[in-house]
Amino acid sequence: MLSGLTYSMEAEEIESYLSAMDTNVIKTQVAKTLLERVNSMKAVSIGKTAPDFTLNDVNDQPLALSSRIGKSKVLLIDFWASWCGPCRQENPNVVKVWKEFNKKGFDVFGVSLDQPGAKDKWLQAIKDDNLTWTHVSDLKFWNCEAAKLYAVNAIPASFLLDEKGTIIARNLRGDDLYNKVKELLAVK
C-alpha cells in the first residue's frame, strides 16, 4: 500500500513510514525499492547540486545540463512529454514565465519523456506549444536516464536551479513558478 501512496510524498515522509515498519518488512523487495527511491529523492532535494546528465537535443546532438548552468541566473529543468495532458496544460504557464523573464536571466531546459519512435510527436508538441527553449530527450519513456537520476515518477516535474546549479525549488506550477522566478530575479 505504501508503495502506491509514495508518488506525492517527500523522501523524509516515506523514510519515516519505512522506519516505523517491522524489520522483516524492510527486507522485502518493495521496501528495498522504496529505500532506493528515498536515496534518489534526497540526492535531488532542495539545497543539493543538480546532478549532471547528457541527452540528445532535437538535432540528435548530445547536450549536457552542465552546459546550460551558469548561462542564466535561474534555470528550470522541466520534465514533460507530448503525450502528457497535465504537461501540455502547464506549458502555457512556462511559456509565460519564459517570455517575461528570459531576458532578465531565466531559462528552461526541457527534458522529454516521449516514447521510442515518437520523435515527431515530441517535435510537433514543441512547435504547437511554442516551447522556444532548449530541449533534450533519449526517447526512452519512463526509462529516461535523466528522469531516473532525478527520481521523477510523475510528470510534469520540475527543478529550479540557481546560477551555480543548486536546486532551489521543485515542482512549481502556474503562479507559484511565476512568483518564485520574479522573486529570485528581484524583478519589480
# chains A, B, ... in the order shown; residues from 1 in each chain; ligands from 1
>>> residues_around(residues="segment 55-61 of chain A", least_positions_apart="3", cutoff="7 Å", atoms="only C-alpha atoms", output="MDAnalysis selection string")
chainID A and resid 64 135:138
>>> residues_around(residues="Lys148 of chain A", least_positions_apart="5", cutoff="10 Å", atoms="only C-alpha atoms", output="CSV table (one decimal) with N, CA and C atoms, in the first residue's frame")
chain,number,residue,atom,x,y,z
A,37,ARG,N,14.4,4.7,-3.8
A,37,ARG,CA,13.7,5.9,-4.2
A,37,ARG,C,14.0,7.0,-3.2
A,40,SER,N,17.4,8.4,-3.9
A,40,SER,CA,17.4,9.2,-5.2
A,40,SER,C,16.8,10.5,-4.9
A,41,MET,N,15.7,10.5,-4.2
A,41,MET,CA,15.0,11.8,-3.9
A,41,MET,C,15.9,12.7,-3.1
A,142,TRP,N,9.5,6.2,-19.6
A,142,TRP,CA,9.8,6.2,-18.2
A,142,TRP,C,11.2,5.6,-17.9
A,143,ASN,N,11.9,5.1,-18.9
A,143,ASN,CA,13.3,4.6,-18.7
A,143,ASN,C,14.3,5.7,-19.0
A,153,ASN,N,8.8,10.4,-11.0
A,153,ASN,CA,7.9,9.2,-11.2
A,153,ASN,C,6.5,9.7,-11.7
>>> atom_distance(atom1="atom CA of Glu15 of chain A", atom2="atom CA of Ser158 of chain A")
22.1 Å
>>> closest_residue(among="A:Glu100, A:Asp78, A:Glu13, A:Asp107", to="Ala154 of chain A", atoms="only C-alpha atoms")
A:Asp78
>>> residues_around(residues="segment 116-123 of chain A", least_positions_apart="6", cutoff="8 Å", atoms="only C-alpha atoms", output="NGL selection string")
:A and (58 or 81-82 or 139-141)
>>> select_by_dssp(residues="chain A", states="alpha helix (DSSP H)", output="JSON, numbers by chain")
{"A": [2, 3, 4, 5, 11, 12, 13, 14, 15, 16, 17, 18, 19, 23, 24, 25, 26, 29, 30, 31, 32, 33, 34, 35, 36, 37, 38, 39, 40, 41, 42, 43, 85, 86, 87, 88, 89, 90, 91, 92, 93, 94, 95, 96, 97, 98, 99, 100, 101, 119, 120, 121, 122, 123, 124, 125, 126, 127, 128, 145, 146, 147, 148, 149, 174, 175, 176, 177, 178, 179, 180, 181, 182, 183, 184]}
>>> atom_distance(atom1="atom CA of Asp52 of chain A", atom2="atom CA of Lys180 of chain A")
23.3 Å
>>> closest_residue(among="A:Glu163, A:Leu149, A:Phe109, A:Ala125", to="Gly85 of chain A", atoms="only C-alpha atoms")
A:Ala125
>>> select_by_dssp(residues="segment 83-173 of chain A", states="strand (DSSP E or B)", output="number ranges by chain")
A: 106-112, 134-137, 157-162, 166-170
>>> write_last_selection(atoms="C-alpha atoms", output="mmCIF file, in the first residue's frame")
data_model
loop_
_atom_site.group_PDB
_atom_site.id
_atom_site.type_symbol
_atom_site.label_atom_id
_atom_site.label_comp_id
_atom_site.auth_asym_id
_atom_site.auth_seq_id
_atom_site.Cartn_x
_atom_site.Cartn_y
_atom_site.Cartn_z
ATOM 1 C CA PHE A 106 15.568 32.896 -16.670
ATOM 2 C CA ASP A 107 15.875 29.881 -18.953
ATOM 3 C CA VAL A 108 14.333 26.436 -19.372
ATOM 4 C CA PHE A 109 15.936 23.076 -20.129
ATOM 5 C CA GLY A 110 13.143 20.795 -21.345
ATOM 6 C CA VAL A 111 13.530 17.049 -20.828
ATOM 7 C CA SER A 112 11.017 14.936 -22.725
ATOM 8 C CA THR A 134 16.465 24.048 -25.285
ATOM 9 C CA HIS A 135 15.011 20.528 -25.387
ATOM 10 C CA VAL A 136 16.586 17.109 -24.892
ATOM 11 C CA SER A 137 15.359 13.514 -24.775
ATOM 12 C CA ALA A 157 8.047 17.585 -12.804
ATOM 13 C CA SER A 158 10.473 20.452 -12.497
ATOM 14 C CA PHE A 159 13.572 21.597 -10.668
ATOM 15 C CA LEU A 160 14.512 25.259 -10.357
ATOM 16 C CA LEU A 161 18.273 25.874 -10.200
ATOM 17 C CA ASP A 162 20.315 28.922 -9.320
ATOM 18 C CA THR A 166 21.910 24.352 -6.795
ATOM 19 C CA ILE A 167 18.320 23.118 -6.608
ATOM 20 C CA ILE A 168 16.285 25.934 -5.041
ATOM 21 C CA ALA A 169 12.707 24.765 -5.665
ATOM 22 C CA ARG A 170 10.790 21.823 -7.118
#
>>> atom_distance(atom1="atom CA of Phe79 of chain A", atom2="atom CA of Ala151 of chain A")
11.0 Å
>>> decode(residues="segment 170-181 of chain A", atoms="all heavy atoms", output="CSV table (one decimal), in the first residue's frame")
chain,number,residue,atom,x,y,z
A,170,ARG,N,11.2,23.0,-6.3
A,170,ARG,CA,10.8,21.8,-7.1
A,170,ARG,C,9.3,21.9,-7.4
A,170,ARG,O,8.5,22.3,-6.5
A,170,ARG,CB,11.0,20.5,-6.4
A,170,ARG,CG,12.5,20.1,-6.2
A,170,ARG,CD,12.6,18.8,-5.6
A,170,ARG,NE,11.3,18.3,-5.2
A,170,ARG,CZ,11.2,17.2,-4.4
A,170,ARG,NH1,12.2,16.5,-4.0
A,170,ARG,NH2,10.0,16.8,-4.0
A,171,ASN,N,8.9,21.5,-8.6
A,171,ASN,CA,7.5,21.3,-8.9
A,171,ASN,C,6.7,22.5,-8.7
A,171,ASN,O,5.5,22.4,-8.3
A,171,ASN,CB,7.0,20.0,-8.2
A,171,ASN,CG,7.6,18.8,-8.7
A,171,ASN,OD1,8.1,18.6,-9.8
A,171,ASN,ND2,7.8,17.8,-7.8
A,172,LEU,N,7.2,23.6,-9.1
A,172,LEU,CA,6.4,24.9,-9.0
A,172,LEU,C,5.6,25.0,-10.3
A,172,LEU,O,6.1,24.7,-11.4
A,172,LEU,CB,7.3,26.1,-8.9
A,172,LEU,CG,8.1,26.2,-7.6
A,172,LEU,CD1,9.0,27.4,-7.7
A,172,LEU,CD2,7.2,26.2,-6.4
A,173,ARG,N,4.3,25.3,-10.2
A,173,ARG,CA,3.5,25.4,-11.4
A,173,ARG,C,2.7,26.8,-11.4
A,173,ARG,O,2.5,27.4,-10.3
A,173,ARG,CB,2.4,24.3,-11.4
A,173,ARG,CG,3.1,23.0,-11.4
A,173,ARG,CD,2.2,21.9,-12.0
A,173,ARG,NE,2.5,20.5,-11.6
A,173,ARG,CZ,3.6,19.9,-11.4
A,173,ARG,NH1,4.7,20.6,-11.4
A,173,ARG,NH2,3.7,18.7,-11.1
A,174,GLY,N,2.3,27.2,-12.5
A,174,GLY,CA,1.4,28.4,-12.7
A,174,GLY,C,2.0,29.6,-12.0
A,174,GLY,O,3.2,30.0,-12.1
A,175,ASP,N,1.1,30.2,-11.1
A,175,ASP,CA,1.5,31.4,-10.4
A,175,ASP,C,2.7,31.2,-9.5
A,175,ASP,O,3.5,32.1,-9.2
A,175,ASP,CB,0.3,32.0,-9.7
A,175,ASP,CG,-0.7,32.6,-10.6
A,175,ASP,OD1,-0.4,32.9,-11.8
A,175,ASP,OD2,-1.8,32.8,-10.2
A,176,ASP,N,2.8,30.0,-8.9
A,176,ASP,CA,3.9,29.7,-8.0
A,176,ASP,C,5.2,29.8,-8.7
A,176,ASP,O,6.2,30.4,-8.2
A,176,ASP,CB,3.7,28.3,-7.3
A,176,ASP,CG,2.5,28.2,-6.4
A,176,ASP,OD1,2.1,29.3,-5.8
A,176,ASP,OD2,2.0,27.1,-6.2
A,177,LEU,N,5.3,29.3,-9.9
A,177,LEU,CA,6.5,29.4,-10.7
A,177,LEU,C,6.8,30.8,-11.0
A,177,LEU,O,7.9,31.3,-10.8
A,177,LEU,CB,6.5,28.5,-12.0
A,177,LEU,CG,7.6,28.7,-12.9
A,177,LEU,CD1,8.9,28.2,-12.3
A,177,LEU,CD2,7.4,27.9,-14.2
A,178,TYR,N,5.8,31.5,-11.5
A,178,TYR,CA,5.9,32.9,-11.9
A,178,TYR,C,6.5,33.8,-10.7
A,178,TYR,O,7.4,34.5,-10.9
A,178,TYR,CB,4.6,33.5,-12.4
A,178,TYR,CG,4.6,34.9,-12.8
A,178,TYR,CD1,4.9,35.3,-14.1
A,178,TYR,CD2,4.4,35.9,-11.9
A,178,TYR,CE1,5.0,36.6,-14.5
A,178,TYR,CE2,4.5,37.3,-12.3
A,178,TYR,CZ,4.8,37.6,-13.6
A,178,TYR,OH,4.8,38.9,-14.0
A,179,ASN,N,5.8,33.6,-9.6
A,179,ASN,CA,6.2,34.4,-8.4
A,179,ASN,C,7.6,34.1,-7.9
A,179,ASN,O,8.3,35.0,-7.5
A,179,ASN,CB,5.1,34.3,-7.3
A,179,ASN,CG,3.8,34.9,-7.7
A,179,ASN,OD1,3.7,35.8,-8.5
A,179,ASN,ND2,2.7,34.3,-7.2
A,180,LYS,N,8.0,32.8,-7.9
A,180,LYS,CA,9.3,32.5,-7.4
A,180,LYS,C,10.4,33.0,-8.4
A,180,LYS,O,11.4,33.5,-7.9
A,180,LYS,CB,9.4,30.9,-7.3
A,180,LYS,CG,10.7,30.5,-6.7
A,180,LYS,CD,10.8,30.9,-5.2
A,180,LYS,CE,12.0,30.3,-4.5
A,180,LYS,NZ,12.1,30.8,-3.2
A,181,VAL,N,10.2,32.9,-9.7
A,181,VAL,CA,11.2,33.4,-10.6
A,181,VAL,C,11.3,34.9,-10.5
A,181,VAL,O,12.4,35.5,-10.5
A,181,VAL,CB,10.8,33.0,-12.1
A,181,VAL,CG1,11.7,33.7,-13.1
A,181,VAL,CG2,11.0,31.5,-12.2
